[in-house]
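All remarks here apply to the structure that follows.
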Amino acid sequence: MPTPDTKLLQGTLDMLILKALSLGPLHGYGVGQRIMQMSEDALRVEEGSLYPALYRIERQGWITAEWGVSENNLRAKFYKLTRAGRKQLRIEEENWERLAGAVFKVMQTN
Amino acid sequence: MFWLRLIYSRLYGLLRKNRIEREMEDEMRFHLLMRTRENIERGMRPDEAEREARRRFGNVGRVKDLARDIKGGGFMETLLQDLRYGARMLMKNPGFTLVAVITLALGIGANTAIFSLVNGVLLRPLPYAEPERIVRVFENFKKRNLNFAGLTAPGFIDWRAQQTVFEDIAAYQAIGFDLMGEGESQRVLGMRASAGFFSLLRIRPALGRGFTSAEDVFGKGQVVILSDRFWRERFNGANEALGKSLTLNGAAYTIIGVLPAGLQLTGFADADVWVPIAFEPFELENRGGHNYQAAARLKPGVTLAQAQAEMAAIAARLGEQYDASKGWGATLVSMQEQIVGNARTPLLLLFSAVGLVLLIACANVANLLLARAASREREFAVRAALGAGRMRIVRQLLLESLLLTLCGALLGWLFSSLAVAAVVKFGEATFPRLEEVRLNGQALGFTIGLSMGAASLFGLAPAWMASGVSLCVALKDAGRGSTSGRRRRFRAGLVVTQIALAVVLLIGASLLLRSFARLRAVDFGYQPERLLTAQLAMPDDRFPGRDRQRMAFLARVVERASAVPGVESASSVLGLPLGAGVARSAFYFLDKPTPPLSEMPSAQYAQISANYFQTMRTPLLRGRAFDQRDVVDAPFVAIVNEAFVRAFFNGEEPLGKRLRVMDSRRERPTEIVGVVRDMRRGDLTEPASPQMFFPATQRCWVDAQIVLRTHGDPAALKESLRRAVSEVDAAQSLFLIRPFDELLGNALAQRRLQMTLLAVFAGLALALAAVGIYGVMAYSVIQRGREIGVRITLGAQPLQALTLILRYGLTLATMGVLIGMTGAWALTRWMSGLLFEISPTDPVSFVLIPLLLLSVALLACWWPARRASKVNPMIALRAE
């Protein structure tokens, strides 16, 4: 699976996108921007990964897309979390916490 | 497949793909625009900002490709992907693919061919309007075991007048005509039919008109309707033929109509000319001559049973009224049943047999798929890890199975078209309506349905099993492919099933084969080799009045024929052991009280020249043969067969007994002067029935056959015989000149065909089962390589390794054989009607076939077992 320059695991990117959209509908550009803001510029999502990920998640039925008008009056495609997406996000958050906790513990041991 | 894909891609491209593509482009353009704006806000120059945005986005086309893969993935798209992938996988394993496709093609081809037969012969409605309402009407005489006798002329008239269940009922009778033209006379096949015949079949002449009831009266019936073929041959298809005259048996007939081209008169003789039956006065007086066939159309809503009941009641009433009708009843059979009834059992037998062959083929392919699935476990595991669901993998495997089947079906269709052509070509005289059998749309539908069924049958289990493998098991085991015990048991079960099915088929084939051998070895009571037969008619218009002329003429023909070079002996007969039509006559013994007509015994009836038995080489057991003494003015004599003696004499002396035979010579007492060996009649399976022979010099009818025993090939003398007869009288036509072998061949043809087909299917089953067991054994040697290696390292001898594998194989084979024998035991009784002097549980078949199967299984296990004994422990262990 080609994910150029991405330091993120595929599953993790999906989770981040869901998280970003849980705050409200966004267009693709906005999703990337919001993830960057939320990570305080630590995570930069490449376009080459972002759009495939969006389409993949859309296919899973976790988000839906709709054309709308952007803040600067341009036609743009907006993504919105579905009920199933919200549920998925919860599951992934739990899994992530468990995994991160475990990894953290491992790294703590000397 | 191709056009489907084409339409799909066009539609998809037009309706959907463009939109998705456009939206994707819009979205990305928007993204670039936003990025460029942001860059400008950060202080870049516009052109620099845009370049940076593009650079950052990367290769747009590539992103689009990726996105398309995800997005475009509708059901059809992934299906096509899977198909492409499946096709690639099949191409990568040409050996496997070839074996599987050929196996399936054989199974599907055989099924399609037999289905075409079953469909064409049994299922397809007759080529008449509302054929289910057409019935054949017979008379029966239960006490003499006659079920399908013809009607009498007065009986037919009464039945027609009194019945209320038929729209119409028509009588008909085949008749040979001598057609006089320029030069030699020509023999044409004619039919006499009552006025309603064509209208009840809903057949209208293409030209002219049908018979009227006014023409169906003695003296008024000098009109004729021609077949399309005859009209084209004789009149070049000219409309002016109507109104012209045709001279048949010396009488002039006016042409009033021509039947439609391509008319199929299935179930009726394919006659050249049709004339009104217009019963003659002597026919209308004869209540004992059951010489006419009848067909009828049921009124709408009337069932066969209702019609049967009414006709039986009418027959019973007539029986009380007329002495000659006493004891005669009515038999009604649907036309379809009448034509194809006898073909049902053999065809259904063949149909079940090919069904079993297909099952075995499916088991084989399933086995192959399982073996292959084992070596593809890694692939599935990796795909599963990459997110393919179990259903997706099952679907992938099913698609591959489907692809295999489609290839198999294509090849099978080719096979079946060859097979059907061959059966139709060489199957003359085997099944009714065979010449109408075609590979048609219905057969295509059947093949497609069958293929789908087969694909899911053999594809589902392997697919399900393969898809359920967990990643770690597969990867851990990957070196040698995993053997879940479950899968091995399943494959073993498949092999056992295959062997069992093959046993059933082989036993069935063996029973037919042995029946056929018995049939060929039957004592015919005569020697059928090197005989030539020909039909002769001596109609009244050429021999008016007295029979003496006819007798003298026949004697001259026989004398002339015996002088033909290459002829060993010549004779004449009416009532050859094979061939259509058996004359029967009632009779009684003069030394016993005269029974009423309905209680009289009857026997088969033959008129022969003096040296007939000599020509046929039928031994005379007692008394004397006919000779020059037996002329019309001498006392009348008869020779009877053994069956006659058995049936009527009960240990008494037959020679010298006198009887009265109820034919046209009933006034003359007839003395039995000899007894001959029984001659088997008809299809040879029936035991001979009582028969009386009379000298043709005392009783001589219109018809006779000439029989020649030749020195060499009888067919070579056809022309010489024809010339010899025309030397006696140029106006005498001779027809149906055939070697006796041909008649015999026809009598055995259906049995030979069904036996040959079943033997082919059984052989196929055996070969497939052998391949199946070989595959499983070879695989199990690979699987157990390590075990064997360890054993050998620990000191086991190679021989022990060999026996280990052989024992496993033979255990499976024995289980299969036992199950198969049980199955055969239960099933073969259904075919007892097709057997001849062989019991459905024939011990020879039930011993030899299992032995055969076990030997084949042993052979199939032998190579894998030898390989096992040569396992190099080092290599086997290192392979882990």
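The way I read the labels, and the way they are meant: chains A, B, ... in the order of the structure tokens, residue 1 as the first residue of every chain, and ligand 1 as the first ligand shown, with later ones counted on from there.
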Point to revise | 12 Å contacts from chain A to chain B using only C-alpha atoms, as a PyMOL selection string | key: chain A and resi 1-5+10-11+27-33+44-60+65-79
Would you output that residue set with C-alpha atoms, as a PDB file, in the first residue's frame?
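Once everything was written out, this is selection.pdb:
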```pdb
ATOM      1  CA  MET A   1       0.000   0.000   0.000  1.00  0.00           C
ATOM      2  CA  PRO A   2       1.876   3.126  -1.098  1.00  0.00           C
ATOM      3  CA  THR A   3       1.747   5.868   1.482  1.00  0.00           C
ATOM      4  CA  PRO A   4       4.448   8.294   0.408  1.00  0.00           C
ATOM      5  CA  ASP A   5       6.159  10.237   3.156  1.00  0.00           C
ATOM      6  CA  GLN A  10      -3.193   3.519   7.650  1.00  0.00           C
ATOM      7  CA  GLY A  11      -5.618   2.739  10.481  1.00  0.00           C
ATOM      8  CA  HIS A  27     -13.929  19.616   2.836  1.00  0.00           C
ATOM      9  CA  GLY A  28     -10.827  17.567   2.068  1.00  0.00           C
ATOM     10  CA  TYR A  29      -8.460  20.506   2.385  1.00  0.00           C
ATOM     11  CA  GLY A  30     -10.077  21.387   5.678  1.00  0.00           C
ATOM     12  CA  VAL A  31      -9.589  17.899   7.055  1.00  0.00           C
ATOM     13  CA  GLY A  32      -5.857  18.115   6.440  1.00  0.00           C
ATOM     14  CA  GLN A  33      -5.753  21.586   7.953  1.00  0.00           C
ATOM     15  CA  ARG A  44       1.159  16.828   8.266  1.00  0.00           C
ATOM     16  CA  VAL A  45      -1.200  14.729   6.151  1.00  0.00           C
ATOM     17  CA  GLU A  46      -0.060  14.215   2.580  1.00  0.00           C
ATOM     18  CA  GLU A  47      -2.661  14.737  -0.118  1.00  0.00           C
ATOM     19  CA  GLY A  48      -1.588  11.427  -1.664  1.00  0.00           C
ATOM     20  CA  SER A  49      -2.829   9.632   1.418  1.00  0.00           C
ATOM     21  CA  LEU A  50      -5.629  11.939   2.455  1.00  0.00           C
ATOM     22  CA  TYR A  51      -7.921  11.517  -0.512  1.00  0.00           C
ATOM     23  CA  PRO A  52      -7.627   7.740  -0.855  1.00  0.00           C
ATOM     24  CA  ALA A  53      -8.289   7.524   2.895  1.00  0.00           C
ATOM     25  CA  LEU A  54     -11.351   9.736   2.576  1.00  0.00           C
ATOM     26  CA  TYR A  55     -12.769   7.636  -0.243  1.00  0.00           C
ATOM     27  CA  ARG A  56     -12.032   4.464   1.633  1.00  0.00           C
ATOM     28  CA  ILE A  57     -13.830   5.671   4.712  1.00  0.00           C
ATOM     29  CA  GLU A  58     -16.699   6.906   2.605  1.00  0.00           C
ATOM     30  CA  ARG A  59     -17.036   3.441   1.121  1.00  0.00           C
ATOM     31  CA  GLN A  60     -17.136   1.958   4.609  1.00  0.00           C
ATOM     32  CA  ALA A  65     -19.912  13.466   1.031  1.00  0.00           C
ATOM     33  CA  GLU A  66     -21.972  16.324  -0.310  1.00  0.00           C
ATOM     34  CA  TRP A  67     -21.206  19.280  -2.531  1.00  0.00           C
ATOM     35  CA  GLY A  68     -21.492  22.646  -0.925  1.00  0.00           C
ATOM     36  CA  VAL A  69     -19.993  26.103  -0.911  1.00  0.00           C
ATOM     37  CA  SER A  70     -16.778  26.835   0.946  1.00  0.00           C
ATOM     38  CA  GLU A  71     -16.041  29.788   3.262  1.00  0.00           C
ATOM     39  CA  ASN A  72     -14.592  31.674   0.248  1.00  0.00           C
ATOM     40  CA  ASN A  73     -17.581  30.929  -1.969  1.00  0.00           C
ATOM     41  CA  LEU A  74     -16.060  28.110  -3.956  1.00  0.00           C
ATOM     42  CA  ARG A  75     -17.804  24.876  -4.848  1.00  0.00           C
ATOM     43  CA  ALA A  76     -16.357  22.179  -2.581  1.00  0.00           C
ATOM     44  CA  LYS A  77     -17.096  18.691  -1.457  1.00  0.00           C
ATOM     45  CA  PHE A  78     -17.916  18.431   2.246  1.00  0.00           C
ATOM     46  CA  TYR A  79     -17.518  15.293   4.310  1.00  0.00           C
TER      47      TYR A  79
END
```
Practice item. Would you list, as a PyMOL selection string, the residues of segment 386-543 of chain B that end up in helix (DSSP H, G or I) under DSSP run on this structure's backbone? Key: chain B and resi 390-426+434-436+441-467+471-477+485-520
Which polymer residues have any atom within 10 Å of an atom of Ser22 of chain A, counting only C-alpha atoms, with same-chain residues fewer than 2 positions away left out, as an mmCIF file with N, CA, C and O atoms, in the first residue's frame?
```
data_model
loop_
_atom_site.group_PDB
_atom_site.id
_atom_site.type_symbol
_atom_site.label_atom_id
_atom_site.label_comp_id
_atom_site.auth_asym_id
_atom_site.auth_seq_id
_atom_site.Cartn_x
_atom_site.Cartn_y
_atom_site.Cartn_z
ATOM 1 N N LEU A 16 -7.819 9.516 12.672
ATOM 2 C CA LEU A 16 -7.632 10.960 12.777
ATOM 3 C C LEU A 16 -8.657 11.705 11.933
ATOM 4 O O LEU A 16 -9.180 12.743 12.342
ATOM 5 N N ILE A 17 -8.929 11.170 10.745
ATOM 6 C CA ILE A 17 -9.915 11.817 9.877
ATOM 7 C C ILE A 17 -11.285 11.813 10.549
ATOM 8 O O ILE A 17 -11.990 12.833 10.586
ATOM 9 N N LEU A 18 -11.632 10.643 11.121
ATOM 10 C CA LEU A 18 -12.932 10.554 11.804
ATOM 11 C C LEU A 18 -12.988 11.579 12.938
ATOM 12 O O LEU A 18 -13.983 12.273 13.128
ATOM 13 N N LYS A 19 -11.893 11.654 13.654
ATOM 14 C CA LYS A 19 -11.836 12.580 14.794
ATOM 15 C C LYS A 19 -12.015 14.023 14.295
ATOM 16 O O LYS A 19 -12.799 14.787 14.852
ATOM 17 N N ALA A 20 -11.290 14.344 13.240
ATOM 18 C CA ALA A 20 -11.368 15.709 12.696
ATOM 19 C C ALA A 20 -12.806 16.044 12.294
ATOM 20 O O ALA A 20 -13.286 17.143 12.556
ATOM 21 N N GLY A 24 -17.374 18.518 13.082
ATOM 22 C CA GLY A 24 -18.258 19.173 12.112
ATOM 23 C C GLY A 24 -17.803 18.885 10.699
ATOM 24 O O GLY A 24 -16.657 18.484 10.493
ATOM 25 N N PRO A 25 -18.687 19.059 9.698
ATOM 26 C CA PRO A 25 -18.360 18.761 8.299
ATOM 27 C C PRO A 25 -17.202 19.626 7.805
ATOM 28 O O PRO A 25 -17.077 20.788 8.189
ATOM 29 N N LEU A 26 -16.386 19.015 6.945
ATOM 30 C CA LEU A 26 -15.255 19.725 6.369
ATOM 31 C C LEU A 26 -15.034 19.269 4.944
ATOM 32 O O LEU A 26 -15.384 18.142 4.598
ATOM 33 N N LYS A 80 -18.990 14.463 6.027
ATOM 34 C CA LYS A 80 -19.729 14.561 7.288
ATOM 35 C C LYS A 80 -19.721 13.190 7.932
ATOM 36 O O LYS A 80 -19.860 12.168 7.238
ATOM 37 N N LEU A 81 -19.551 13.152 9.247
ATOM 38 C CA LEU A 81 -19.542 11.863 9.953
ATOM 39 C C LEU A 81 -20.955 11.273 9.990
ATOM 40 O O LEU A 81 -21.912 11.987 10.233
ATOM 41 N N THR A 82 -21.038 9.966 9.747
ATOM 42 C CA THR A 82 -22.355 9.318 9.893
ATOM 43 C C THR A 82 -22.458 8.724 11.288
ATOM 44 O O THR A 82 -21.478 8.731 12.054
ATOM 45 N N GLY A 85 -20.048 6.102 11.617
ATOM 46 C CA GLY A 85 -18.702 6.654 11.735
ATOM 47 C C GLY A 85 -18.420 7.064 13.167
ATOM 48 O O GLY A 85 -17.312 6.863 13.684
ATOM 49 N N ARG A 86 -19.447 7.619 13.796
ATOM 50 C CA ARG A 86 -19.280 8.048 15.182
ATOM 51 C C ARG A 86 -18.958 6.849 16.078
ATOM 52 O O ARG A 86 -18.086 6.897 16.930
ATOM 53 N N LEU A 89 -15.516 5.594 15.455
ATOM 54 C CA LEU A 89 -14.534 6.472 16.089
ATOM 55 C C LEU A 89 -14.354 6.082 17.547
ATOM 56 O O LEU A 89 -13.228 6.000 18.046
#
```
Review point. In Å, with one decimal, what is the gap from atom CA of Ile499 of chain B to atom CA of Tyr779 of chain B?
Key: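 About the pair atom CA of Ile499 of chain B and atom CA of Tyr779 of chain B: they are 17.7 Å apart.
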Practice item. Would you kindly return, as a PyMOL selection string, each protein, DNA or RNA residue with an atom no farther than 9 Å from any atom of Arg83 of chain A, considering only C-alpha atoms and excluding same-chain residues fewer than 3 positions away? Key: chain A and resi 62-63+86-88
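Once Gly190 of chain B and its same-chain neighbours fewer than 5 positions away are set aside, B:Gln173, B:Ala174, B:Ile175, B:Gly176, B:Phe177, B:Ala269, B:Asp270, B:Ala271, B:Asp272, B:Val273, B:Trp274, B:Val275 remain within 9 Å of it when counting only C-alpha atoms.
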Review point. So how many Å separate atom CA of Asp842 of chain B and atom CA of Met821 of chain B, to one decimal?
Key: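 Atom CA of Asp842 of chain B sits 11.7 Å away from atom CA of Met821 of chain B.
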Point to revise | Interatomic distance (Å, one decimal) between atom CA of Ala461 of chain B and atom CA of Leu398 of chain B | key: 9.7 Å
**Study point:** Members of chain A assigned strand (DSSP E or B) by DSSP, as a PyMOL selection string
**Key:** chain A and resi 26-27+63-69+75-81
Please write the residues from the selection above to a file, keeping C-alpha atoms, as a short mmCIF file (atom, residue, chain, number, x, y, z; two decimals), in the first residue's frame.
```
data_model
loop_
_atom_site.label_atom_id
_atom_site.label_comp_id
_atom_site.auth_asym_id
_atom_site.auth_seq_id
_atom_site.Cartn_x
_atom_site.Cartn_y
_atom_site.Cartn_z
CA LEU A 26 -15.25 19.72 6.37
CA HIS A 27 -13.93 19.62 2.84
CA ILE A 63 -18.69 9.42 6.34
CA THR A 64 -20.84 10.84 3.59
CA ALA A 65 -19.91 13.47 1.03
CA GLU A 66 -21.97 16.32 -0.31
CA TRP A 67 -21.21 19.28 -2.53
CA GLY A 68 -21.49 22.65 -0.93
CA VAL A 69 -19.99 26.10 -0.91
CA ARG A 75 -17.80 24.88 -4.85
CA ALA A 76 -16.36 22.18 -2.58
CA LYS A 77 -17.10 18.69 -1.46
CA PHE A 78 -17.92 18.43 2.25
CA TYR A 79 -17.52 15.29 4.31
CA LYS A 80 -19.73 14.56 7.29
CA LEU A 81 -19.54 11.86 9.95
#
```
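Among the candidates B:Thr533, B:Ser245, B:Gln797, B:Thr97, the one nearest to Leu406 of chain B when counting only C-alpha atoms is B:Thr97.
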Surrounding residues of segment 666-668 of chain B excluding itself and chain neighbours under 4 positions, 8 Å, only C-alpha atoms, as a PDB file with C-alpha atoms, in the first residue's frame:
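Output file selection_18.pdb follows:
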```pdb
ATOM      1  CA  PRO B 635     -55.297 -82.449 -48.330  1.00  0.00           C
ATOM      2  CA  PHE B 636     -54.265 -79.271 -46.470  1.00  0.00           C
ATOM      3  CA  ARG B 660     -59.563 -75.842 -38.570  1.00  0.00           C
ATOM      4  CA  VAL B 661     -57.788 -72.523 -39.171  1.00  0.00           C
ATOM      5  CA  MET B 662     -60.086 -69.485 -39.162  1.00  0.00           C
TER       6      MET B 662
END
```
Review point. Neighbours of segment 153-161 of chain B within 9 Å (only C-alpha atoms; same-chain residues fewer than 3 positions away dropped), as a list of chain:residue names?
Key: B:Thr164, B:Phe166, B:Asp168, B:Ile169, B:Ala170, B:Ala171, B:Phe279, B:Glu283, B:Leu284, B:Glu285, B:Asn286, B:Arg287, B:Gly289, B:His290, B:Asn291, B:Tyr292, B:Ala294, B:Met311, B:Ile314, B:Ala315, B:Leu318, B:Ser325
